[in-house]
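query.cif (mmCIF, C-alpha atoms and all ligand atoms) appears below.
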```cif
data_coords
#
loop_
_atom_site.group_PDB
_atom_site.id
_atom_site.type_symbol
_atom_site.label_atom_id
_atom_site.label_comp_id
_atom_site.auth_asym_id
_atom_site.auth_seq_id
_atom_site.Cartn_x
_atom_site.Cartn_y
_atom_site.Cartn_z
ATOM 1 C CA MET A 1 -37.543 12.134 -7.179
ATOM 2 C CA ILE A 2 -34.724 12.113 -9.716
ATOM 3 C CA CYS A 3 -31.251 13.270 -8.732
ATOM 4 C CA GLY A 4 -30.037 16.229 -10.809
ATOM 5 C CA TYR A 5 -26.421 15.137 -10.418
ATOM 6 C CA ASP A 6 -24.704 12.303 -12.269
ATOM 7 C CA LEU A 7 -21.129 12.077 -11.098
ATOM 8 C CA HIS A 8 -19.832 8.940 -12.841
ATOM 9 C CA ALA A 9 -19.810 8.263 -16.598
ATOM 10 C CA HIS A 10 -17.536 7.158 -19.435
ATOM 11 C CA SER A 11 -16.821 8.308 -22.974
ATOM 12 C CA THR A 12 -14.767 7.021 -25.915
ATOM 13 C CA ALA A 13 -11.715 8.435 -24.113
ATOM 14 C CA SER A 14 -11.901 5.157 -22.145
ATOM 15 C CA ASP A 15 -14.482 2.382 -22.514
ATOM 16 C CA GLY A 16 -17.679 4.326 -23.188
ATOM 17 C CA THR A 17 -19.227 4.316 -26.644
ATOM 18 C CA LEU A 18 -20.303 7.979 -26.881
ATOM 19 C CA THR A 19 -17.817 10.772 -27.506
ATOM 20 C CA PRO A 20 -17.597 13.373 -24.728
ATOM 21 C CA THR A 21 -19.708 15.697 -26.914
ATOM 22 C CA GLU A 22 -22.379 13.050 -27.499
ATOM 23 C CA LEU A 23 -22.415 12.122 -23.805
ATOM 24 C CA MET A 24 -23.048 15.706 -22.687
ATOM 25 C CA ALA A 25 -25.768 16.170 -25.320
ATOM 26 C CA ARG A 26 -27.511 13.016 -24.138
ATOM 27 C CA ALA A 27 -27.185 14.029 -20.482
ATOM 28 C CA ALA A 28 -28.699 17.450 -21.198
ATOM 29 C CA ALA A 29 -31.562 15.900 -23.189
ATOM 30 C CA ALA A 30 -32.210 13.473 -20.334
ATOM 31 C CA GLY A 31 -32.565 16.338 -17.857
ATOM 32 C CA VAL A 32 -29.277 15.863 -15.988
ATOM 33 C CA GLN A 33 -28.312 19.229 -14.520
ATOM 34 C CA VAL A 34 -24.759 18.533 -13.374
ATOM 35 C CA MET A 35 -22.777 15.887 -15.238
ATOM 36 C CA ALA A 36 -19.302 14.530 -14.563
ATOM 37 C CA LEU A 37 -17.022 12.744 -16.992
ATOM 38 C CA THR A 38 -14.957 10.111 -15.163
ATOM 39 C CA ASP A 39 -13.058 8.031 -17.702
ATOM 40 C CA HIS A 40 -10.802 5.212 -16.541
ATOM 41 C CA ASP A 41 -7.280 6.497 -15.818
ATOM 42 C CA THR A 42 -7.391 9.382 -18.304
ATOM 43 C CA LEU A 43 -8.270 13.071 -18.479
ATOM 44 C CA ALA A 44 -8.260 13.064 -22.292
ATOM 45 C CA GLY A 45 -12.005 13.675 -22.748
ATOM 46 C CA LEU A 46 -12.392 16.530 -20.264
ATOM 47 C CA ASP A 47 -11.727 19.552 -22.487
ATOM 48 C CA GLU A 48 -14.202 18.405 -25.102
ATOM 49 C CA ALA A 49 -16.808 17.496 -22.472
ATOM 50 C CA ALA A 50 -16.486 20.868 -20.718
ATOM 51 C CA LYS A 51 -17.155 22.723 -23.973
ATOM 52 C CA ALA A 52 -20.117 20.528 -24.847
ATOM 53 C CA ALA A 53 -21.666 20.873 -21.388
ATOM 54 C CA ALA A 54 -21.327 24.660 -21.547
ATOM 55 C CA GLY A 55 -23.011 24.632 -24.953
ATOM 56 C CA HIS A 56 -25.995 22.805 -23.481
ATOM 57 C CA GLY A 57 -26.133 24.967 -20.349
ATOM 58 C CA ILE A 58 -25.549 22.116 -17.926
ATOM 59 C CA GLY A 59 -23.025 22.026 -15.101
ATOM 60 C CA PHE A 60 -19.845 20.076 -15.704
ATOM 61 C CA VAL A 61 -17.559 18.317 -13.229
ATOM 62 C CA PRO A 62 -14.138 17.242 -14.532
ATOM 63 C CA GLY A 63 -13.396 13.803 -13.138
ATOM 64 C CA VAL A 64 -11.518 10.550 -13.488
ATOM 65 C CA GLU A 65 -11.970 6.955 -12.307
ATOM 66 C CA ILE A 66 -8.618 5.673 -11.065
ATOM 67 C CA SER A 67 -7.809 1.952 -10.999
ATOM 68 C CA VAL A 68 -6.396 0.949 -7.613
ATOM 69 C CA THR A 69 -4.962 -2.258 -6.215
ATOM 70 C CA TRP A 70 -5.952 -2.609 -2.565
ATOM 71 C CA SER A 71 -5.450 -5.794 -0.589
ATOM 72 C CA ASN A 72 -4.765 -7.774 -3.802
ATOM 73 C CA GLN A 73 -8.013 -6.612 -5.323
ATOM 74 C CA THR A 74 -8.906 -3.992 -7.931
ATOM 75 C CA VAL A 75 -11.093 -1.156 -6.696
ATOM 76 C CA HIS A 76 -12.050 2.076 -8.424
ATOM 77 C CA ILE A 77 -11.669 5.544 -6.959
ATOM 78 C CA VAL A 78 -13.476 8.402 -8.667
ATOM 79 C CA GLY A 79 -11.947 11.862 -8.467
ATOM 80 C CA LEU A 80 -14.374 14.776 -8.805
ATOM 81 C CA GLY A 81 -13.457 18.375 -9.570
ATOM 82 C CA VAL A 82 -9.859 17.617 -10.447
ATOM 83 C CA ASP A 83 -7.617 20.150 -12.177
ATOM 84 C CA ARG A 84 -6.878 18.477 -15.480
ATOM 85 C CA HIS A 85 -3.543 20.262 -15.757
ATOM 86 C CA ASN A 86 -2.176 19.047 -12.425
ATOM 87 C CA ALA A 87 1.293 17.574 -13.054
ATOM 88 C CA ALA A 88 1.336 14.886 -10.351
ATOM 89 C CA LEU A 89 -2.107 13.603 -11.308
ATOM 90 C CA ARG A 90 -1.129 13.504 -14.962
ATOM 91 C CA ALA A 91 2.131 11.691 -14.218
ATOM 92 C CA GLY A 92 0.326 9.135 -12.068
ATOM 93 C CA LEU A 93 -2.270 8.466 -14.749
ATOM 94 C CA ASP A 94 0.449 8.201 -17.413
ATOM 95 C CA ARG A 95 1.974 5.380 -15.382
ATOM 96 C CA LEU A 96 -1.393 3.592 -15.268
ATOM 97 C CA LEU A 97 -1.854 4.076 -19.017
ATOM 98 C CA ASP A 98 1.589 2.516 -19.632
ATOM 99 C CA TYR A 99 0.544 -0.431 -17.505
ATOM 100 C CA ARG A 100 -2.761 -0.660 -19.402
ATOM 101 C CA HIS A 101 -0.842 -0.758 -22.679
ATOM 102 C CA TRP A 102 1.309 -3.674 -21.502
ATOM 103 C CA ARG A 103 -1.704 -5.426 -19.951
ATOM 104 C CA ALA A 104 -3.757 -5.201 -23.156
ATOM 105 C CA GLN A 105 -0.969 -6.868 -25.127
ATOM 106 C CA GLU A 106 -0.629 -9.504 -22.402
ATOM 107 C CA ILE A 107 -4.371 -10.224 -22.501
ATOM 108 C CA GLY A 108 -3.992 -10.645 -26.271
ATOM 109 C CA ARG A 109 -1.104 -13.091 -25.815
ATOM 110 C CA ARG A 110 -3.027 -15.123 -23.255
ATOM 111 C CA LEU A 111 -6.147 -15.275 -25.409
ATOM 112 C CA ALA A 112 -3.980 -16.360 -28.361
ATOM 113 C CA LYS A 113 -2.692 -19.249 -26.249
ATOM 114 C CA ALA A 114 -6.320 -20.166 -25.605
ATOM 115 C CA GLY A 115 -6.875 -20.293 -29.368
ATOM 116 C CA ILE A 116 -8.295 -16.804 -29.996
ATOM 117 C CA ASP A 117 -6.136 -14.912 -32.462
ATOM 118 C CA GLY A 118 -6.063 -11.190 -33.142
ATOM 119 C CA ALA A 119 -7.835 -10.154 -29.950
ATOM 120 C CA TYR A 120 -5.416 -7.336 -29.091
ATOM 121 C CA GLU A 121 -5.656 -5.849 -32.576
ATOM 122 C CA GLY A 122 -9.418 -6.334 -32.578
ATOM 123 C CA ALA A 123 -9.897 -4.733 -29.171
ATOM 124 C CA LYS A 124 -7.594 -1.887 -30.113
ATOM 125 C CA ALA A 125 -9.619 -1.211 -33.252
ATOM 126 C CA LEU A 126 -12.723 -0.787 -31.065
ATOM 127 C CA SER A 127 -10.944 1.697 -28.795
ATOM 128 C CA ASN A 128 -9.599 5.185 -29.378
ATOM 129 C CA GLY A 129 -6.208 3.548 -29.897
ATOM 130 C CA THR A 130 -4.569 4.715 -26.676
ATOM 131 C CA LEU A 131 -6.616 3.102 -23.927
ATOM 132 C CA VAL A 132 -7.506 -0.528 -24.565
ATOM 133 C CA GLY A 133 -9.526 -1.929 -21.674
ATOM 134 C CA ARG A 134 -11.180 -5.223 -20.907
ATOM 135 C CA THR A 135 -14.501 -3.846 -22.193
ATOM 136 C CA HIS A 136 -12.950 -3.499 -25.666
ATOM 137 C CA PHE A 137 -11.821 -7.128 -25.528
ATOM 138 C CA ALA A 138 -15.299 -8.117 -24.396
ATOM 139 C CA ARG A 139 -16.939 -6.298 -27.333
ATOM 140 C CA PHE A 140 -14.499 -7.919 -29.775
ATOM 141 C CA LEU A 141 -15.121 -11.415 -28.367
ATOM 142 C CA VAL A 142 -18.907 -10.977 -28.564
ATOM 143 C CA GLN A 143 -18.639 -9.726 -32.162
ATOM 144 C CA HIS A 144 -16.598 -12.808 -33.038
ATOM 145 C CA GLY A 145 -19.037 -15.209 -31.473
ATOM 146 C CA HIS A 146 -16.963 -16.311 -28.486
ATOM 147 C CA ALA A 147 -19.778 -15.381 -26.110
ATOM 148 C CA ASP A 148 -23.340 -14.081 -26.299
ATOM 149 C CA SER A 149 -22.955 -11.041 -24.078
ATOM 150 C CA ILE A 150 -20.373 -8.765 -22.552
ATOM 151 C CA GLY A 151 -21.145 -10.176 -19.116
ATOM 152 C CA GLN A 152 -20.539 -13.690 -20.387
ATOM 153 C CA VAL A 153 -17.151 -12.752 -21.876
ATOM 154 C CA PHE A 154 -16.013 -11.480 -18.502
ATOM 155 C CA LYS A 155 -17.126 -14.712 -16.848
ATOM 156 C CA LYS A 156 -15.597 -16.996 -19.475
ATOM 157 C CA PHE A 157 -12.381 -15.162 -20.335
ATOM 158 C CA LEU A 158 -11.465 -12.094 -18.337
ATOM 159 C CA VAL A 159 -11.898 -12.731 -14.621
ATOM 160 C CA SER A 160 -9.576 -14.469 -12.191
ATOM 161 C CA GLY A 161 -8.876 -18.089 -13.175
ATOM 162 C CA LYS A 162 -9.890 -17.568 -16.823
ATOM 163 C CA PRO A 163 -7.546 -17.641 -19.849
ATOM 164 C CA GLY A 164 -7.420 -13.888 -20.550
ATOM 165 C CA HIS A 165 -7.072 -12.782 -16.942
ATOM 166 C CA VAL A 166 -4.136 -10.603 -15.918
ATOM 167 C CA SER A 167 -4.093 -9.575 -12.270
ATOM 168 C CA GLY A 168 -3.976 -5.812 -11.868
ATOM 169 C CA ASP A 169 -0.964 -3.762 -10.807
ATOM 170 C CA TRP A 170 -2.578 -0.372 -10.371
ATOM 171 C CA ALA A 171 -2.063 2.620 -8.099
ATOM 172 C CA SER A 172 -2.141 2.243 -4.329
ATOM 173 C CA LEU A 173 -5.147 3.676 -2.509
ATOM 174 C CA GLU A 174 -2.938 6.314 -0.944
ATOM 175 C CA GLU A 175 -1.494 7.339 -4.304
ATOM 176 C CA ALA A 176 -4.879 7.633 -5.999
ATOM 177 C CA VAL A 177 -6.458 9.681 -3.214
ATOM 178 C CA GLY A 178 -3.279 11.760 -2.966
ATOM 179 C CA TRP A 179 -3.293 12.555 -6.683
ATOM 180 C CA ILE A 180 -6.968 13.542 -6.549
ATOM 181 C CA ASN A 181 -6.631 15.709 -3.447
ATOM 182 C CA GLY A 182 -3.424 17.259 -4.803
ATOM 183 C CA ALA A 183 -5.329 18.216 -7.952
ATOM 184 C CA GLY A 184 -7.985 20.002 -5.870
ATOM 185 C CA GLY A 185 -10.549 17.221 -6.201
ATOM 186 C CA GLN A 186 -12.595 14.994 -3.943
ATOM 187 C CA ALA A 187 -12.044 11.232 -3.846
ATOM 188 C CA VAL A 188 -15.034 8.893 -3.965
ATOM 189 C CA ILE A 189 -15.144 5.083 -3.689
ATOM 190 C CA ALA A 190 -16.877 3.959 -6.891
ATOM 191 C CA HIS A 191 -19.728 1.401 -6.759
ATOM 192 C CA PRO A 192 -18.702 -0.015 -3.351
ATOM 193 C CA ALA A 193 -21.377 -2.715 -3.387
ATOM 194 C CA ARG A 194 -19.940 -4.217 -6.607
ATOM 195 C CA TYR A 195 -16.724 -5.528 -5.062
ATOM 196 C CA LYS A 196 -17.059 -9.084 -3.956
ATOM 197 C CA MET A 197 -16.106 -8.205 -0.402
ATOM 198 C CA THR A 198 -17.464 -9.282 2.918
ATOM 199 C CA ARG A 199 -19.019 -6.527 4.985
ATOM 200 C CA SER A 200 -15.953 -6.412 7.229
ATOM 201 C CA LYS A 201 -13.531 -6.216 4.313
ATOM 202 C CA LEU A 202 -15.545 -3.428 2.724
ATOM 203 C CA ARG A 203 -15.447 -1.549 6.017
ATOM 204 C CA ARG A 204 -11.670 -2.026 6.118
ATOM 205 C CA LEU A 205 -11.469 -0.484 2.650
ATOM 206 C CA ILE A 206 -13.645 2.443 3.744
ATOM 207 C CA ALA A 207 -11.541 2.910 6.896
ATOM 208 C CA ASP A 208 -8.271 2.911 4.916
ATOM 209 C CA PHE A 209 -9.818 5.286 2.382
ATOM 210 C CA THR A 210 -10.922 7.653 5.163
ATOM 211 C CA ASP A 211 -7.429 7.552 6.727
ATOM 212 C CA VAL A 212 -5.706 8.622 3.490
ATOM 213 C CA GLY A 213 -8.085 11.542 2.909
ATOM 214 C CA GLY A 214 -11.043 10.128 0.970
ATOM 215 C CA ALA A 215 -14.170 12.280 0.906
ATOM 216 C CA ALA A 216 -17.182 10.225 -0.114
ATOM 217 C CA ILE A 217 -18.586 6.928 -1.317
ATOM 218 C CA GLU A 218 -21.022 6.291 -4.124
ATOM 219 C CA VAL A 219 -24.269 5.559 -2.349
ATOM 220 C CA VAL A 220 -26.522 5.785 -5.390
ATOM 221 C CA SER A 221 -24.930 3.990 -8.336
ATOM 222 C CA GLY A 222 -26.366 2.653 -11.563
ATOM 223 C CA SER A 223 -24.999 -0.697 -10.449
ATOM 224 C CA HIS A 224 -26.503 -0.684 -6.939
ATOM 225 C CA SER A 225 -29.840 -2.113 -5.884
ATOM 226 C CA LYS A 226 -32.238 -0.063 -3.793
ATOM 227 C CA ASP A 227 -31.268 -2.022 -0.689
ATOM 228 C CA GLU A 228 -27.636 -1.295 -1.408
ATOM 229 C CA TYR A 229 -28.338 2.473 -1.459
ATOM 230 C CA PHE A 230 -29.393 2.217 2.161
ATOM 231 C CA THR A 231 -26.558 -0.086 3.216
ATOM 232 C CA MET A 232 -23.981 2.205 1.597
ATOM 233 C CA ALA A 233 -25.624 5.294 3.109
ATOM 234 C CA ARG A 234 -25.142 3.723 6.538
ATOM 235 C CA HIS A 235 -21.486 2.958 5.852
ATOM 236 C CA ALA A 236 -20.922 6.556 4.710
ATOM 237 C CA GLY A 237 -22.548 7.898 7.866
ATOM 238 C CA ASP A 238 -20.553 5.560 10.122
ATOM 239 C CA PHE A 239 -17.265 6.834 8.701
ATOM 240 C CA GLY A 240 -18.273 10.493 8.473
ATOM 241 C CA LEU A 241 -18.023 10.373 4.689
ATOM 242 C CA MET A 242 -20.169 12.221 2.182
ATOM 243 C CA ALA A 243 -22.377 10.495 -0.389
ATOM 244 C CA SER A 244 -22.200 10.619 -4.185
ATOM 245 C CA ALA A 245 -24.488 9.556 -7.014
ATOM 246 C CA GLY A 246 -23.386 8.302 -10.418
ATOM 247 C CA SER A 247 -24.811 6.138 -13.182
ATOM 248 C CA ASP A 248 -21.501 4.658 -14.419
ATOM 249 C CA TYR A 249 -23.012 5.126 -17.869
ATOM 250 C CA HIS A 250 -21.025 3.518 -20.722
ATOM 251 C CA GLY A 251 -23.357 4.135 -23.682
ATOM 252 C CA PRO A 252 -26.796 3.461 -25.141
ATOM 253 C CA GLU A 253 -25.994 -0.226 -25.779
ATOM 254 C CA ASN A 254 -26.870 -0.793 -22.128
ATOM 255 C CA PRO A 255 -30.517 0.278 -22.224
ATOM 256 C CA TRP A 256 -31.119 -0.863 -18.644
ATOM 257 C CA MET A 257 -28.942 1.996 -17.484
ATOM 258 C CA GLU A 258 -30.018 5.277 -19.036
ATOM 259 C CA LEU A 259 -28.929 8.790 -18.109
ATOM 260 C CA GLY A 260 -31.240 10.983 -16.052
ATOM 261 C CA ARG A 261 -32.795 8.215 -13.994
ATOM 262 C CA LEU A 262 -30.761 8.194 -10.789
ATOM 263 C CA PRO A 263 -32.901 8.559 -7.672
ATOM 264 C CA GLU A 264 -32.087 11.065 -4.956
ATOM 265 C CA LEU A 265 -29.753 10.120 -2.122
ATOM 266 C CA PRO A 266 -31.439 8.450 0.863
ATOM 267 C CA PRO A 267 -32.347 10.816 3.700
ATOM 268 C CA GLY A 268 -29.542 11.635 6.128
ATOM 269 C CA CYS A 269 -26.754 11.584 3.542
ATOM 270 C CA ARG A 270 -24.480 14.593 3.201
ATOM 271 C CA PRO A 271 -24.105 15.058 -0.564
ATOM 272 C CA VAL A 272 -20.554 15.381 -1.871
ATOM 273 C CA TRP A 273 -21.834 18.457 -3.753
ATOM 274 C CA HIS A 274 -23.302 20.189 -0.658
ATOM 275 C CA ASN A 275 -20.841 23.087 -0.807
ATOM 276 C CA TRP A 276 -20.135 23.229 -4.540
ATOM 277 C CA ASP A 277 -20.554 26.460 -6.526
ATOM 278 C CA ILE A 278 -22.200 24.480 -9.259
ATOM 279 C CA ALA A 279 -25.816 23.646 -8.370
ATOM 280 C CA ALA A 280 -28.429 21.386 -9.917
HETATM 281 P P1 LIG B 1 -10.596 -2.597 -17.006
HETATM 282 O O1 LIG B 1 -10.499 -1.332 -16.195
HETATM 283 O O2 LIG B 1 -9.998 -2.453 -18.372
HETATM 284 O O3 LIG B 1 -10.070 -3.791 -16.264
HETATM 285 O O4 LIG B 1 -12.134 -2.849 -17.262
HETATM 286 C C1 LIG B 1 -13.069 -2.640 -16.255
HETATM 287 C C2 LIG B 1 -14.399 -2.322 -16.918
HETATM 288 O O5 LIG B 1 -14.923 -3.495 -17.457
HETATM 289 C C3 LIG B 1 -15.447 -1.808 -15.964
HETATM 290 O O6 LIG B 1 -15.358 -0.424 -15.810
HETATM 291 C C4 LIG B 1 -16.714 -2.165 -16.708
HETATM 292 O O7 LIG B 1 -16.950 -1.194 -17.701
HETATM 293 C C5 LIG B 1 -16.342 -3.450 -17.390
HETATM 294 N N1 LIG B 1 -16.779 -4.661 -16.668
HETATM 295 C C6 LIG B 1 -16.173 -5.270 -15.635
HETATM 296 N N2 LIG B 1 -16.831 -6.380 -15.265
HETATM 297 C C7 LIG B 1 -17.896 -6.475 -16.088
HETATM 298 C C8 LIG B 1 -18.973 -7.397 -16.229
HETATM 299 N N3 LIG B 1 -19.080 -8.475 -15.444
HETATM 300 N N4 LIG B 1 -19.873 -7.160 -17.202
HETATM 301 C C9 LIG B 1 -19.766 -6.103 -18.005
HETATM 302 N N5 LIG B 1 -18.790 -5.189 -17.920
HETATM 303 C C10 LIG B 1 -17.864 -5.384 -16.982
HETATM 304 MN MN MN B 2 -15.732 0.766 -17.685
HETATM 305 MN MN MN B 3 -15.646 1.145 -12.071
HETATM 306 MN MN MN B 4 -17.001 3.536 -14.178
#
```
Mind turning the file's structure into structure tokens?
Amino acid sequence: MICGYDLHAHSTASDGTLTPTELMARAAAAGVQVMALTDHDTLAGLDEAAKAAAGHGIGFVPGVEISVTWSNQTVHIVGLGVDRHNAALRAGLDRLLDYRHWRAQEIGRRLAKAGIDGAYEGAKALSNGTLVGRTHFARFLVQHGHADSIGQVFKKFLVSGKPGHVSGDWASLEEAVGWINGAGGQAVIAHPARYKMTRSKLRRLIADFTDVGGAAIEVVSGSHSKDEYFTMARHAGDFGLMASAGSDYHGPENPWMELGRLPELPPGCRPVWHNWDIAA
């Protein structure tokens, strides 16, 4: 059975390729009943998405995906049901956007040293102009023939040890969860199986997350294998956390990950939406 909820997706407000309006239209057409918008470190797409979702008669969850530095590693924390006018959340995200702005220019400088000119300007031109992420650099580098695919750009240029890598200096786990909870939302560890962590390190992350008030982990994710659904469901249960489901959709260029195809949560999970007003 297909899950009616999709609680993780991106628009042109961050590194997705569909506008919030286009994303909600596509979600509705694909049969998604409750759709979240969770752009990286910004709430800028939420007003538009809310209107579009209402127009299509689907449920809408205002969200965000916050970049966090935990134990010298970048992890992503999704906030669901956040109040987009909350001052502390907005101030925290503004700080991350300032850092992103500096980082994008720094990535450009480092790529220039490696012989690739104009990458910052090129990446910026592929973005909405305010949030320039690594995905925009990756698209620019593919377009200019520096790699065959987005995945290859990351491997060759953007990850640790490669010329365009800048190590992250994001929010702390406590800050991110605090901002989300303070804005009336629920914090969710995004795509936990994607971090290159040992089982014990991942369980340390989940324990720390639980201690600071985290609510759930993504059990079903567009980037998880079937086996990983079950492993993550067990971790959630062990820590008394709820389970979420999200595609992490970034646009139709990634045809292997389409909207409206997420399977239901494995049996025994307590869904993060179990007591929401908004039902699929
Ligand atoms: P940033 O937050 O700007 O550092 O960029 C992180 C984003 O880059 C993720 O949300 C993905 O959209 C994308 N990304 C990271 N690693 C990869 C990869 N190996 N292949 C494709 N996209 C990636
Ligand atoms: Mn992304
Ligand atoms: Mn992510
Ligand atoms: Mn994401």
(message) Ranking A:Gly31, A:Pro62, A:Gly57, A:Gly118 by minimum distance to His10 in chain A and counting all atoms listed in the file, which one comes first?
(response) A:Pro62
(request) Apply the PyMOL selection byres (((chain A and resi 53) around 12) and not hetatm) to the file shown and report the selected residues as number ranges by chain. (result) A: 20-29, 32-37, 46-52, 54-62
Taking a cut-off of 7 Å and counting all atoms listed in the file, can you build a table that, for each residue of chain A near ligand MN 2 (chain B), reports the nearest atom pair and how far apart they are in Å (one decimal), sorted by chain then residue number, as a Markdown table?
```
| residue | atom | partner | partner_atom | distance |
| --- | --- | --- | --- | --- |
| A:His10 | CA | B:MN2 | MN | 6.9 |
| A:Asp15 | CA | B:MN2 | MN | 5.2 |
| A:Gly16 | CA | B:MN2 | MN | 6.8 |
| A:His40 | CA | B:MN2 | MN | 6.7 |
| A:Thr135 | CA | B:MN2 | MN | 6.6 |
| A:His250 | CA | B:MN2 | MN | 6.7 |
```
Using all atoms listed in the file, find each residue of chain A with at least one atom at most 8 Å away from an atom of ligand LIG 1 (chain B); report its shortest atom-to-atom pair and that distance in Å (one decimal), sort the rows by chain and rising residue number, and return the result as CSV.
```
residue,atom,partner,partner_atom,distance
A:Asp15,CA,B:LIG1,O7,6.5
A:Gly16,CA,B:LIG1,O7,7.8
A:His40,CA,B:LIG1,O1,6.6
A:Ser67,CA,B:LIG1,O1,6.7
A:Arg100,CA,B:LIG1,O2,7.5
A:Val132,CA,B:LIG1,O2,6.9
A:Gly133,CA,B:LIG1,O2,3.4
A:Arg134,CA,B:LIG1,O2,3.9
A:Thr135,CA,B:LIG1,O5,4.8
A:His136,CA,B:LIG1,O2,7.9
A:Ala138,CA,B:LIG1,N5,7.9
A:Ile150,CA,B:LIG1,C9,5.3
A:Gly151,CA,B:LIG1,N4,3.8
A:Gln152,CA,B:LIG1,N4,7.3
A:Val153,CA,B:LIG1,N4,7.8
A:Phe154,CA,B:LIG1,N3,5.3
A:Lys155,CA,B:LIG1,N3,6.7
A:Gly168,CA,B:LIG1,O3,7.8
A:His250,CA,B:LIG1,O7,6.9
```
Keeping C-alpha atoms, export the residues of the selection given above as an mmCIF file, in the frame of the given file.
```cif
data_model
loop_
_atom_site.group_PDB
_atom_site.id
_atom_site.type_symbol
_atom_site.label_atom_id
_atom_site.label_comp_id
_atom_site.auth_asym_id
_atom_site.auth_seq_id
_atom_site.Cartn_x
_atom_site.Cartn_y
_atom_site.Cartn_z
ATOM 1 C CA ASP A 15 -14.482 2.382 -22.514
ATOM 2 C CA GLY A 16 -17.679 4.326 -23.188
ATOM 3 C CA HIS A 40 -10.802 5.212 -16.541
ATOM 4 C CA SER A 67 -7.809 1.952 -10.999
ATOM 5 C CA ARG A 100 -2.761 -0.660 -19.402
ATOM 6 C CA VAL A 132 -7.506 -0.528 -24.565
ATOM 7 C CA GLY A 133 -9.526 -1.929 -21.674
ATOM 8 C CA ARG A 134 -11.180 -5.223 -20.907
ATOM 9 C CA THR A 135 -14.501 -3.846 -22.193
ATOM 10 C CA HIS A 136 -12.950 -3.499 -25.666
ATOM 11 C CA ALA A 138 -15.299 -8.117 -24.396
ATOM 12 C CA ILE A 150 -20.373 -8.765 -22.552
ATOM 13 C CA GLY A 151 -21.145 -10.176 -19.116
ATOM 14 C CA GLN A 152 -20.539 -13.690 -20.387
ATOM 15 C CA VAL A 153 -17.151 -12.752 -21.876
ATOM 16 C CA PHE A 154 -16.013 -11.480 -18.502
ATOM 17 C CA LYS A 155 -17.126 -14.712 -16.848
ATOM 18 C CA GLY A 168 -3.976 -5.812 -11.868
ATOM 19 C CA HIS A 250 -21.025 3.518 -20.722
#
```
(message) Once the PyMOL selection byres (((chain A and resi 215) around 9) and not hetatm) is applied to the coordinates I shared, what remains selected? I want it as an MDAnalysis selection string.
(response) chainID A and resid 186:189 209:210 213:214 216:217 240:243 272
Report as a tab-separated table the residues of chain A within 7 Å of ligand MN 4 (chain B), each with its shortest atom pair and distance in Å (one decimal), using all atoms listed in the file, ordered by chain and increasing residue number.
```
residue	atom	partner	partner_atom	distance
A:His8	CA	B:MN4	MN	6.2
A:Ala9	CA	B:MN4	MN	6.0
A:His10	CA	B:MN4	MN	6.4
A:Thr38	CA	B:MN4	MN	7.0
A:Asp39	CA	B:MN4	MN	6.9
A:His40	CA	B:MN4	MN	6.8
A:Glu65	CA	B:MN4	MN	6.4
A:Asp248	CA	B:MN4	MN	4.6
```
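If you look at CA of Arg139 in chain A and CA of Gly45 in chain A, they are 21.1 Å away from each other.
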(request) Convert the output of the PyMOL selection byres (((not hetatm)) within 7 of (chain B and resi 3)) on the shown file into explicit residues, formatted as an NGL selection string. (result) :A and (65 or 76 or 190-191)
Residue selection dump (C-alpha atoms) as an mmCIF file, keeping the file's coordinate frame:
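Contents of out08.cif, as written:
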```cif
data_model
loop_
_atom_site.group_PDB
_atom_site.id
_atom_site.type_symbol
_atom_site.label_atom_id
_atom_site.label_comp_id
_atom_site.auth_asym_id
_atom_site.auth_seq_id
_atom_site.Cartn_x
_atom_site.Cartn_y
_atom_site.Cartn_z
ATOM 1 C CA GLU A 65 -11.970 6.955 -12.307
ATOM 2 C CA HIS A 76 -12.050 2.076 -8.424
ATOM 3 C CA ALA A 190 -16.877 3.959 -6.891
ATOM 4 C CA HIS A 191 -19.728 1.401 -6.759
#
```
